[in-house]
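Enquirer: Have a peek at start_31.txt (compact mmCIF, C-alpha atoms).
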# COMPACT_ATOMS: atom_id res chain seq x y z
CA MET A 1377 60.44 38.17 41.00
CA THR A 1378 63.53 38.82 43.03
CA THR A 1379 64.89 42.29 43.64
CA ALA A 1380 67.84 41.64 41.39
CA SER A 1381 65.83 40.38 38.44
CA PHE A 1382 63.38 43.27 38.82
CA HIS A 1383 66.29 45.68 38.72
CA PHE A 1384 67.59 44.10 35.52
CA ALA A 1385 64.19 44.14 33.91
CA VAL A 1386 63.80 47.84 34.58
CA THR A 1387 67.30 48.49 33.33
CA ASP A 1388 66.53 46.60 30.13
CA HIS A 1389 63.45 48.67 29.50
CA VAL A 1390 64.84 52.08 30.32
CA ALA A 1391 68.32 51.80 28.93
CA GLY A 1392 67.51 49.57 25.96
CA PHE A 1393 68.13 52.36 23.49
CA SER A 1394 71.79 52.87 24.18
CA ILE A 1395 73.11 50.50 26.79
CA PRO A 1396 71.14 47.29 27.04
CA GLY A 1397 71.01 45.58 30.40
CA GLN A 1398 73.46 42.79 30.91
CA HIS A 1399 70.55 40.51 31.66
CA LEU A 1400 69.04 41.25 28.26
CA LEU A 1401 72.33 40.54 26.54
CA ASP A 1402 72.73 37.31 28.46
CA ARG A 1403 69.27 36.21 27.37
CA LEU A 1404 70.04 37.26 23.82
CA LYS A 1405 73.16 35.12 23.80
CA THR A 1406 71.05 32.09 24.62
CA SER A 1407 68.76 32.82 21.65
CA ASP A 1408 65.95 33.84 23.96
CA ALA A 1409 63.02 34.76 21.70
CA SER A 1410 61.62 37.47 23.95
CA ALA A 1411 65.03 39.11 24.23
CA LEU A 1412 65.50 39.04 20.48
CA GLY A 1413 62.01 40.47 20.03
CA ALA A 1414 62.80 43.30 22.42
CA VAL A 1415 66.03 44.13 20.62
CA TYR A 1416 64.25 43.98 17.28
CA ASP A 1417 61.53 46.37 18.46
CA GLU A 1418 64.19 48.81 19.61
CA HIS A 1419 66.43 48.77 16.56
CA HIS A 1420 64.60 47.41 13.54
CA GLN A 1421 63.68 50.79 12.04
CA ALA A 1422 67.25 52.03 12.03
CA VAL A 1423 68.50 48.74 10.64
CA ARG A 1424 65.80 48.63 7.99
CA ALA A 1425 66.43 52.22 6.86
CA PHE A 1426 70.14 51.53 6.59
CA ALA A 1427 69.49 48.30 4.72
CA VAL A 1428 67.14 49.93 2.20
CA ARG A 1429 69.60 52.73 1.54
CA LEU A 1430 72.49 50.38 1.27
CA VAL A 1431 70.84 47.72 -0.85
CA GLY A 1432 68.47 50.00 -2.77
CA ASP A 1433 65.73 47.42 -2.84
CA ARG A 1434 63.07 46.95 -0.19
CA ALA A 1435 62.65 43.21 -0.68
CA SER A 1436 66.37 42.55 -0.43
CA ALA A 1437 66.56 44.94 2.49
CA GLU A 1438 63.94 42.94 4.39
CA ASP A 1439 65.96 39.80 3.73
CA LEU A 1440 69.02 41.55 5.09
CA VAL A 1441 67.14 42.66 8.21
CA GLN A 1442 66.08 39.09 8.84
CA GLU A 1443 69.62 37.87 8.34
CA VAL A 1444 70.99 40.45 10.75
CA PHE A 1445 68.60 39.66 13.59
CA LEU A 1446 68.88 35.92 13.10
CA THR A 1447 72.65 36.24 13.31
CA LEU A 1448 72.51 38.51 16.31
CA PRO A 1449 72.25 35.91 19.14
CA LYS A 1450 75.48 34.29 18.00
CA ALA A 1451 77.22 37.49 17.02
CA VAL A 1452 76.41 39.30 20.25
CA ARG A 1453 78.69 36.90 22.14
CA LYS A 1454 81.53 39.00 20.73
CA PHE A 1455 79.90 42.25 21.77
CA GLU A 1456 82.14 43.87 24.37
CA GLY A 1457 80.10 47.00 25.03
CA GLN A 1458 82.65 49.37 23.50
CA SER A 1459 79.95 50.81 21.26
CA SER A 1460 76.19 50.94 21.45
CA LEU A 1461 74.24 47.84 20.54
CA ARG A 1462 72.73 49.67 17.59
CA THR A 1463 76.17 50.45 16.19
CA PHE A 1464 77.08 46.82 16.65
CA ILE A 1465 73.96 45.68 14.80
CA LEU A 1466 74.57 48.10 11.95
CA GLY A 1467 78.06 46.67 11.69
CA ILE A 1468 76.56 43.21 11.26
CA ALA A 1469 74.32 44.60 8.52
CA ALA A 1470 77.28 46.17 6.74
CA ASN A 1471 79.25 42.95 6.93
CA ARG A 1472 76.37 40.80 5.74
CA ALA A 1473 75.23 43.13 2.97
CA ARG A 1474 77.46 41.94 0.17
CA HIS A 1475 75.24 39.13 -1.01
CA PHE A 1476 72.08 41.25 -0.81
CA VAL A 1477 73.63 44.21 -2.61
CA ARG A 1478 74.71 41.97 -5.45
CA ALA A 1479 71.27 40.40 -5.72
CA ALA A 1480 69.57 43.80 -5.77
CA ALA A 1481 72.06 45.15 -8.33
CA ARG A 1482 71.36 42.19 -10.60
CA ARG A 1483 67.65 42.86 -10.38
CA ARG A 1484 68.14 46.54 -11.21
CA ALA A 1485 70.33 45.71 -14.17
CA ALA A 1486 67.78 43.23 -15.47
CA ALA A 1487 64.95 45.73 -15.08
CA GLU A 1488 67.00 48.36 -16.87
CA ARG A 1489 67.61 46.03 -19.80
CA VAL A 1490 63.91 45.27 -20.06
CA LEU A 1491 62.92 48.93 -19.96
CA SER A 1492 65.67 50.20 -22.24
CA GLY A 1493 63.69 49.68 -25.45
CA ALA A 1494 60.40 50.94 -24.10
CA THR A 1495 59.22 54.46 -23.68
CA ASN A 1496 58.56 55.05 -20.05
CA GLU A 1497 56.05 57.81 -19.91
CA THR A 1498 56.29 58.13 -16.19
CA THR A 1499 59.83 59.41 -16.58
CA TYR A 1500 58.53 62.57 -18.09
CA THR A 1501 55.67 63.06 -15.72
CA PRO A 1502 56.09 66.50 -14.21
CA HIS A 1503 55.14 65.22 -10.81
CA HIS A 1504 57.67 66.23 -8.19
CA ASP A 1505 57.56 62.95 -6.31
CA LEU A 1506 58.22 60.94 -9.42
CA GLU A 1507 61.20 63.09 -10.30
CA ARG A 1508 62.70 62.55 -6.90
CA ARG A 1509 62.04 58.86 -7.14
CA GLU A 1510 63.86 58.76 -10.44
CA LEU A 1511 66.73 60.69 -8.92
CA ALA A 1512 67.00 58.18 -6.11
CA ASP A 1513 66.92 55.32 -8.62
CA ARG A 1514 69.74 56.90 -10.58
CA LEU A 1515 71.79 57.16 -7.43
CA ASN A 1516 71.06 53.56 -6.55
CA ARG A 1517 72.25 52.41 -9.95
CA ALA A 1518 75.34 54.55 -9.61
CA LEU A 1519 75.98 53.00 -6.20
CA ASP A 1520 75.99 49.57 -7.83
CA SER A 1521 79.19 50.50 -9.60
CA LEU A 1522 81.04 51.16 -6.34
CA PRO A 1523 82.98 48.67 -4.28
CA LEU A 1524 80.98 47.60 -1.25
CA ASP A 1525 83.18 49.30 1.34
CA GLN A 1526 82.90 52.65 -0.47
CA ARG A 1527 79.18 52.15 -0.88
CA VAL A 1528 78.72 51.46 2.84
CA ALA A 1529 80.79 54.49 3.75
CA PHE A 1530 78.74 56.73 1.45
CA VAL A 1531 75.40 55.44 2.77
CA LEU A 1532 76.47 55.77 6.38
CA CYS A 1533 77.98 59.25 6.10
CA ASP A 1534 76.08 61.00 3.32
CA VAL A 1535 72.70 59.31 3.16
CA GLU A 1536 72.32 58.56 6.86
CA GLU A 1537 74.30 61.64 7.87
CA ARG A 1538 76.41 59.86 10.44
CA SER A 1539 79.75 61.21 11.48
CA SER A 1540 82.89 59.54 10.22
CA VAL A 1541 83.63 58.55 13.81
CA GLU A 1542 80.33 56.74 14.09
CA ALA A 1543 80.77 55.11 10.69
CA ALA A 1544 84.22 53.96 11.74
CA ALA A 1545 82.68 52.37 14.83
CA VAL A 1546 80.08 50.58 12.72
CA LEU A 1547 82.63 49.28 10.25
CA GLY A 1548 85.32 48.55 12.78
CA VAL A 1549 87.93 50.61 10.95
CA VAL A 1550 89.78 53.83 11.73
CA GLU A 1551 88.21 57.15 10.88
CA ALA A 1552 90.76 57.95 8.19
CA THR A 1553 89.79 54.84 6.30
CA VAL A 1554 86.17 55.93 6.29
CA ARG A 1555 87.10 59.36 4.96
CA THR A 1556 89.21 57.87 2.23
CA ARG A 1557 86.45 55.54 1.14
CA LEU A 1558 83.96 58.40 1.25
CA PHE A 1559 86.20 60.60 -0.88
CA HIS A 1560 86.52 57.99 -3.60
CA ALA A 1561 82.82 57.15 -3.46
CA ARG A 1562 81.74 60.77 -3.94
CA LYS A 1563 84.19 61.23 -6.79
CA LYS A 1564 82.92 58.18 -8.67
CA LEU A 1565 79.27 58.98 -8.03
CA ARG A 1566 79.62 62.53 -9.30
CA ALA A 1567 81.25 61.23 -12.41
CA GLN A 1568 78.48 58.73 -12.93
CA LEU A 1569 75.67 61.24 -12.41
CA SER A 1570 77.27 63.97 -14.52
CA LYS A 1571 77.68 61.58 -17.42
CA GLY A 1572 73.94 61.29 -17.55
CA VAL A 1573 74.26 57.68 -18.47
CA TYR A 1574 71.16 56.83 -16.59
CA THR A 1575 69.09 59.78 -17.65
CA MET B 478 67.26 74.27 -6.06
CA MET B 479 70.42 72.31 -5.42
CA GLU B 480 73.20 72.61 -7.96
CA ASP B 481 75.04 69.49 -6.91
CA PRO B 482 73.25 66.55 -8.54
CA LEU B 483 74.89 64.17 -6.08
CA ALA B 484 73.60 66.11 -3.08
CA GLU B 485 70.17 66.31 -4.61
CA ALA B 486 70.07 62.60 -5.38
CA THR B 487 71.38 61.78 -1.91
CA GLN B 488 68.64 63.83 -0.30
CA ALA B 489 66.03 62.15 -2.49
CA LEU B 490 67.32 58.74 -1.54
CA ARG B 491 67.32 59.70 2.14
CA GLU B 492 63.76 60.96 2.09
CA LEU B 493 62.35 58.11 0.06
CA THR B 494 63.92 55.34 2.09
CA THR B 495 62.78 56.23 5.57
CA SER B 496 61.54 53.17 7.38
CA GLU B 497 57.81 53.60 7.60
CA GLU B 498 56.99 49.97 8.09
CA ASP B 499 56.26 48.61 11.51
CA GLY B 500 58.16 45.45 10.60
CA ARG B 501 55.67 43.10 12.24
CA ARG B 502 55.85 40.58 9.42
CA THR B 503 59.63 40.50 9.48
CA ARG B 504 59.59 40.23 13.28
CA ALA B 505 57.29 37.21 13.13
CA ALA B 506 59.45 35.62 10.43
CA ILE B 507 62.60 36.13 12.47
CA LEU B 508 61.14 34.64 15.65
CA SER B 509 59.65 31.73 13.71
CA LYS B 510 62.98 30.92 12.09
CA LEU B 511 64.73 31.25 15.44
CA ALA B 512 62.31 28.77 17.02
CA LYS B 513 62.84 26.30 14.18
CA ARG B 514 66.57 26.66 14.47
CA GLU B 515 66.50 26.05 18.21
CA ALA B 516 64.20 23.05 17.83
CA ARG B 517 66.73 21.32 15.58
CA PRO B 518 69.34 19.84 17.91
CA PHE B 519 71.20 17.89 15.25
CA ARG B 520 72.46 19.62 12.21
CA PRO B 521 72.65 17.70 8.97
CA VAL B 522 76.39 18.22 8.83
CA LEU B 523 76.70 16.00 11.91
CA TRP B 524 74.74 13.14 10.39
CA PHE B 525 77.42 12.14 7.92
CA PRO B 526 80.18 11.47 10.48
CA LEU B 527 77.68 9.66 12.70
CA ALA B 528 76.53 7.50 9.81
CA ALA B 529 80.13 6.77 8.83
CA LEU B 530 80.94 5.86 12.43
CA LEU B 531 77.94 3.54 12.62
CA ILE B 532 78.79 1.80 9.36
CA GLY B 533 82.44 1.47 10.28
CA SER B 534 81.76 0.07 13.73
CA THR B 535 79.18 -2.34 12.34
CA ALA B 536 81.60 -3.61 9.74
CA PHE B 537 84.32 -3.98 12.35
CA ALA B 538 82.02 -5.84 14.72
CA ALA B 539 80.87 -8.13 11.95
CA SER B 540 84.43 -8.91 10.97
CA GLN B 541 85.30 -9.74 14.57
CA GLY B 542 82.31 -12.02 14.99
CA ALA B 543 80.89 -9.89 17.77
CA PHE B 544 77.38 -10.15 16.42
CA ALA B 545 77.25 -13.88 17.07
CA GLY B 546 78.14 -13.32 20.71
CA LEU B 547 75.64 -10.51 20.97
CA MET B 548 72.88 -12.61 19.50
CA ASN B 549 73.73 -15.42 21.87
CA ALA B 550 73.67 -13.04 24.80
CA LEU B 551 70.31 -11.71 23.72
CA ARG B 552 68.99 -15.20 23.16
CA GLY B 553 70.31 -16.50 26.46
CA PRO B 554 67.64 -15.34 28.92
CA SER B 555 64.73 -16.20 26.65
CA THR B 556 65.96 -19.71 26.02
CA GLY B 557 67.05 -20.28 29.55
CA SER B 558 64.21 -22.64 30.30
CA SER B 559 64.85 -24.72 27.24
CA GLY B 560 68.41 -25.13 28.29
CA GLU B 561 69.80 -24.85 24.79
CA ALA B 562 73.10 -23.15 24.45
CA PRO B 563 74.88 -22.52 21.20
CA MET B 564 77.74 -24.58 20.18
CA PRO B 565 81.12 -22.95 20.44
CA ARG B 566 82.38 -21.39 17.30
CA MET B 567 85.52 -22.96 16.05
CA LYS B 568 88.09 -20.51 14.85
CA ALA B 569 91.09 -21.54 12.86
CA LEU B 570 90.63 -25.12 13.82
CA HIS B 571 93.22 -26.50 11.52
CA LYS B 572 95.69 -23.75 11.31
CA ILE B 573 98.91 -25.35 10.19
CA PRO B 574 101.94 -23.23 10.73
CA LYS B 575 104.65 -23.31 8.22
CA PRO B 576 107.44 -25.65 9.30
CA PRO B 577 110.58 -23.87 10.27
CA PRO B 578 113.48 -24.33 7.96
CA VAL B 579 115.44 -27.36 9.01
CA PRO B 580 119.10 -27.37 8.34
CA ALA B 581 120.01 -30.20 6.04
CA GLU B 582 121.93 -32.94 7.67
CA PRO B 583 123.77 -35.68 5.91
CA GLY B 584 121.66 -38.72 5.55
CA SER B 585 118.46 -37.02 6.39
CA ALA B 586 117.77 -35.34 3.09
CA LEU B 587 114.80 -37.57 2.39
CA THR B 588 113.31 -37.20 5.85
CA ALA B 589 110.27 -35.01 5.95
CA PRO B 590 110.40 -32.18 8.44
CA GLU B 591 108.42 -32.78 11.56
CA MET B 592 104.95 -31.33 11.37
CA LYS B 593 103.75 -29.24 14.21
CA THR B 594 100.49 -30.18 15.69
CA PRO B 595 97.64 -28.03 14.38
CA VAL B 596 96.40 -25.40 16.70
CA ALA B 597 92.79 -25.17 17.64
CA LYS B 598 91.47 -21.81 18.64
CA VAL B 599 88.04 -22.33 20.02
CA ALA B 600 85.60 -19.75 21.14
CA PRO B 601 84.00 -20.51 24.44
CA PRO B 602 80.83 -22.42 24.59
CA SER B 603 77.83 -21.02 26.26
CA ALA B 604 75.87 -22.88 28.69
CA ALA B 605 73.22 -22.36 30.99
CA THR B 606 69.81 -22.24 31.52
CA SER B 607 68.04 -21.91 34.77
CA HIS B 608 69.29 -20.40 37.98
CA LEU B 609 71.33 -23.51 38.36
CA GLU B 610 72.69 -23.10 34.85
CA PRO B 611 73.14 -19.40 34.45
CA SER B 612 73.50 -18.08 30.96
CA SER B 613 77.03 -17.48 29.94
CA ALA B 614 76.89 -17.03 26.25
CA HIS B 615 78.91 -13.89 26.59
CA GLN B 616 81.70 -15.64 28.33
CA ARG B 617 84.66 -16.64 26.32
CA VAL B 618 87.09 -19.38 27.06
CA ASN B 619 90.68 -18.43 27.04
CA ASN B 620 92.00 -19.34 23.71
CA THR B 621 94.65 -21.55 25.03
CA GLN B 622 96.19 -23.77 22.53
CA ALA B 623 95.08 -27.32 22.68
CA ASN B 624 96.98 -30.09 21.16
CA ILE B 625 94.69 -32.09 19.00
CA PRO B 626 96.26 -35.31 17.88
CA GLY B 627 95.21 -37.18 14.84
CA SER B 628 94.32 -36.11 11.39
CA VAL B 629 94.44 -32.45 10.45
CA GLU B 630 91.68 -32.94 7.93
CA GLY B 631 88.08 -32.84 9.05
CA PRO B 632 86.68 -32.40 12.55
CA SER B 633 88.72 -33.95 15.28
CA VAL B 634 87.51 -36.80 17.43
CA GLU B 635 87.61 -34.55 20.45
CA LEU B 636 85.42 -31.96 18.83
CA SER B 637 82.95 -34.60 17.77
CA ALA B 638 82.83 -35.86 21.33
CA TYR B 639 82.25 -32.35 22.58
CA ARG B 640 79.43 -31.80 20.12
CA ALA B 641 77.81 -35.06 21.08
CA ALA B 642 77.94 -34.19 24.77
CA HIS B 643 76.64 -30.70 24.07
CA SER B 644 73.74 -32.11 22.11
CA LEU B 645 72.83 -34.59 24.82
CA HIS B 646 73.03 -31.89 27.46
CA PHE B 647 71.36 -28.89 25.90
CA GLN B 648 69.07 -30.44 23.34
CA ALA B 649 68.16 -33.92 24.58
CA HIS B 650 68.37 -32.93 28.24
CA ASN B 651 69.52 -36.44 28.95
CA TRP B 652 71.61 -35.63 31.99
CA ALA B 653 72.99 -39.10 32.61
CA ALA B 654 74.03 -39.63 29.02
CA ALA B 655 75.40 -36.10 28.85
CA ALA B 656 77.51 -36.65 31.97
CA LYS B 657 79.01 -39.76 30.41
CA ALA B 658 79.59 -37.94 27.15
CA TRP B 659 81.34 -35.08 28.94
CA SER B 660 83.52 -37.64 30.72
CA ARG B 661 84.38 -39.25 27.41
CA TYR B 662 85.39 -35.91 25.97
CA LEU B 663 87.55 -35.21 29.03
CA GLU B 664 89.28 -38.56 28.55
CA LEU B 665 90.09 -37.60 24.99
CA ALA B 666 91.19 -34.04 25.72
CA PRO B 667 91.89 -33.63 29.41
CA THR B 668 93.91 -30.47 28.81
CA GLY B 669 91.97 -29.12 25.85
CA SER B 670 90.74 -25.59 25.76
CA LEU B 671 87.20 -26.83 26.20
CA ALA B 672 88.01 -29.05 29.15
CA PRO B 673 87.01 -26.50 31.84
CA GLU B 674 83.69 -25.94 30.14
CA ALA B 675 83.16 -29.69 29.84
CA ARG B 676 83.89 -30.15 33.54
CA PHE B 677 81.50 -27.39 34.47
CA ASN B 678 78.75 -28.82 32.27
CA ARG B 679 79.34 -32.29 33.71
CA ALA B 680 78.92 -30.84 37.18
CA LEU B 681 75.64 -29.32 36.07
CA CYS B 682 74.52 -32.73 34.87
CA TRP B 683 75.37 -34.19 38.26
CA VAL B 684 73.30 -31.51 39.92
CA ARG B 685 70.39 -32.41 37.69
CA MET B 686 70.88 -36.06 38.48
CA GLY B 687 70.93 -35.35 42.22
CA ASP B 688 74.54 -36.33 42.70
CA ILE B 689 75.10 -33.29 44.86
CA GLU B 690 78.31 -34.31 46.60
CA GLN B 691 80.08 -35.14 43.36
CA ALA B 692 78.80 -31.90 41.89
CA LYS B 693 80.13 -29.91 44.85
CA VAL B 694 83.56 -31.46 44.45
CA ALA B 695 83.55 -30.66 40.75
CA LEU B 696 82.38 -27.09 41.25
CA ALA B 697 84.82 -26.27 44.04
CA PRO B 698 87.79 -25.49 41.73
CA PHE B 699 85.57 -23.15 39.72
CA ALA B 700 84.34 -21.38 42.83
CA THR B 701 87.86 -20.80 44.07
CA GLY B 702 88.98 -19.61 40.67
CA GLN B 703 91.55 -22.35 40.19
CA VAL B 704 90.07 -23.20 36.81
CA GLY B 705 87.55 -21.55 34.57
CA GLY B 706 87.62 -18.12 36.13
CA TYR B 707 84.80 -17.06 33.87
CA ARG B 708 82.58 -19.52 35.71
CA GLN B 709 83.63 -18.48 39.20
CA ALA B 710 80.60 -16.38 40.03
CA GLU B 711 78.18 -18.97 38.73
CA ALA B 712 79.94 -21.79 40.50
CA THR B 713 79.98 -19.85 43.76
CA ALA B 714 76.27 -19.14 43.53
CA LEU B 715 75.57 -22.71 42.61
CA LEU B 716 77.57 -24.08 45.52
CA ALA B 717 75.81 -21.70 47.89
CA ALA B 718 72.46 -22.92 46.63
CA LEU B 719 73.53 -26.55 46.97
CA ASN B 720 74.79 -26.00 50.51
CA GLN B 721 71.42 -24.63 51.55
CA ARG B 722 69.66 -27.81 50.55
Show me, as structure tokens, the structure contained in the file I just sent.
Expert:
Amino acid sequence: MTTASFHFAVTDHVAGFSIPGQHLLDRLKTSDASALGAVYDEHHQAVRAFAVRLVGDRASAEDLVQEVFLTLPKAVRKFEGQSSLRTFILGIAANRARHFVRAAARRRAAAERVLSGATNETTYTPHHDLERRELADRLNRALDSLPLDQRVAFVLCDVEERSSVEAAAVLGVVEATVRTRLFHARKKLRAQLSKGVYT
Amino acid sequence: MMEDPLAEATQALRELTTSEEDGRRTRAAILSKLAKREARPFRPVLWFPLAALLIGSTAFAASQGAFAGLMNALRGPSTGSSGEAPMPRMKALHKIPKPPPVPAEPGSALTAPEMKTPVAKVAPPSAATSHLEPSSAHQRVNNTQANIPGSVEGPSVELSAYRAAHSLHFQAHNWAAAAKAWSRYLELAPTGSLAPEARFNRALCWVRMGDIEQAKVALAPFATGQVGGYRQAEATALLAALNQR
């Protein structure tokens, strides 16, 4: 191994969290499997958590994670280093989420129709965890009624507790746009939850 | 206890959707799909234009008669020892152009307009066989117009003579009879489009018969490129071989 390549390898390992080495990015652009594996290991948990919160369905979220990382070698050719690689990857997830959100929403609606006539005893179980699970489900169903851009803004800022600046970087829009979307999302969600439609 | 149901639901969603999975299965699936994608150099979307191009070029080549030449070229080396060469393909042998309008003259109203001689467009013959008769099926004679006198219906006398000579040369391998037959054809059509080929083949017959000097004289115009430029290389090589004897 030459001095230069050793330097890059160390840089990849140490700085992979925020600023990936140029060598790693170059390998990623050529669809190098080891490079993609390294990037996946570094960022998959954040991407998966965002995907689950955004889609509201673990199976669809896994599909979205796969889609994001399979798209990454081609998409990263447009990565100019103005944000972190993780922000860039989350942006891909947000852009690719539409199909998966729709699929998950259809599944939720179908499940709701099936369960509407039946008495679900677990709903009334006084177990704390089940109550919280039901609360999260209600929010997920309320999120299905939002436009995707408002939904993404809400998940990024309120569920993932990211700043509006960071959300703007993920979405590639100005901060004011994020705040506007967030305002409308909160307003609609409050209305949905207060109606008790899903309770 | 939170009073804002939205805040409470948001916190519940946040806590219940933390990524606890190690993601190994998804990682393996991603890398497997990536490997499959990389191992597929041609995408199906490219197959349709390629297929259309292949079909189109094949149809075009068939319409232009290129396949016959190709088959002859492929057949040439393998049949070199047998000495058989395909007969030239006749194209538009009896193409009769429409007579130009003739202004009517007094007293000539009943006179038929003069017919132009039919034009024979003949593809080049292929000859050749051994090192002395190199294969030339791919060569084409210049489609110079040859005046073929006589009837416009049926094969011409000249073409029949050519076919007879060709048969004697490349099928019967009767060199003496072939040389005479080539000479007869050349008497009938000394300026025909097949005349250069007939002269070249007659020279080959003379080589076979051992009439080297006459063959050298006949091959000299080909070697210098005066006639039958498509035979120049073969004639040059043949003359060089004859001079070494």
Enquirer: So how many Å separate CA of Val522 (chain B) and CA of Phe544 (chain B), to one decimal?
Expert: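 About the pair CA of Val522 (chain B) and CA of Phe544 (chain B): they are 29.4 Å apart.
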Enquirer: For chain A, which residues have at least one atom within 6 Å of chain B, if we go by all atoms listed in the file? Write them as a ChimeraX atom specification, please.
Expert: /A:1421,1425,1442,1508,1511-1512,1535,1566
Enquirer: For Arg661 (chain B), please output as a VMD selection string all residues within 10 Å (counting all atoms listed in the file; exclusion window: fewer than 5 positions along the same chain).
Expert: chain B and resid 635 638 to 639 642 655 to 656 666 to 667 675
Enquirer: For CA of Leu1448 (chain A) and CA of Thr1556 (chain A), determine how far apart the two atoms are, in Å to one decimal place.
Expert: 29.2 Å
Enquirer: Can you measure CA of His1420 (chain A) to CA of Gly1432 (chain A) for me? One decimal in Å is fine.
Expert: 17.0 Å
Enquirer: Which residues are close to Ala1451 (chain A), i.e. within 12 Å by only C-alpha atoms, leaving aside same-chain residues fewer than 6 positions away? Reply as a VMD selection string.
Expert: chain A and resid 1401 1404 to 1407 1443 to 1445 1461 1464 to 1465 1467 to 1469 1471 to 1472
Enquirer: Nearest residue to Val1441 (chain A) out of A:Ala1473, A:Arg1557, A:Ala1411, A:Thr1463, using only C-alpha atoms?
Expert: A:Ala1473
Enquirer: Pick out the closest residue to Arg1483 (chain A) from this set: A:Glu1507, A:Asp1534, A:Asp1525, A:Asp1520. Count only C-alpha atoms.
Expert: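 Between A:Glu1507, A:Asp1534, A:Asp1525, A:Asp1520, the residue approaching Arg1483 (chain A) most closely is A:Asp1520.
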Enquirer: Pick out the closest residue to Ala1561 (chain A) from this set: A:Ala1545, A:Val1528, A:Glu1536, A:Phe1455. Count all atoms listed in the file.
Expert: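 Smallest separation from Ala1561 (chain A) among the options: A:Val1528.
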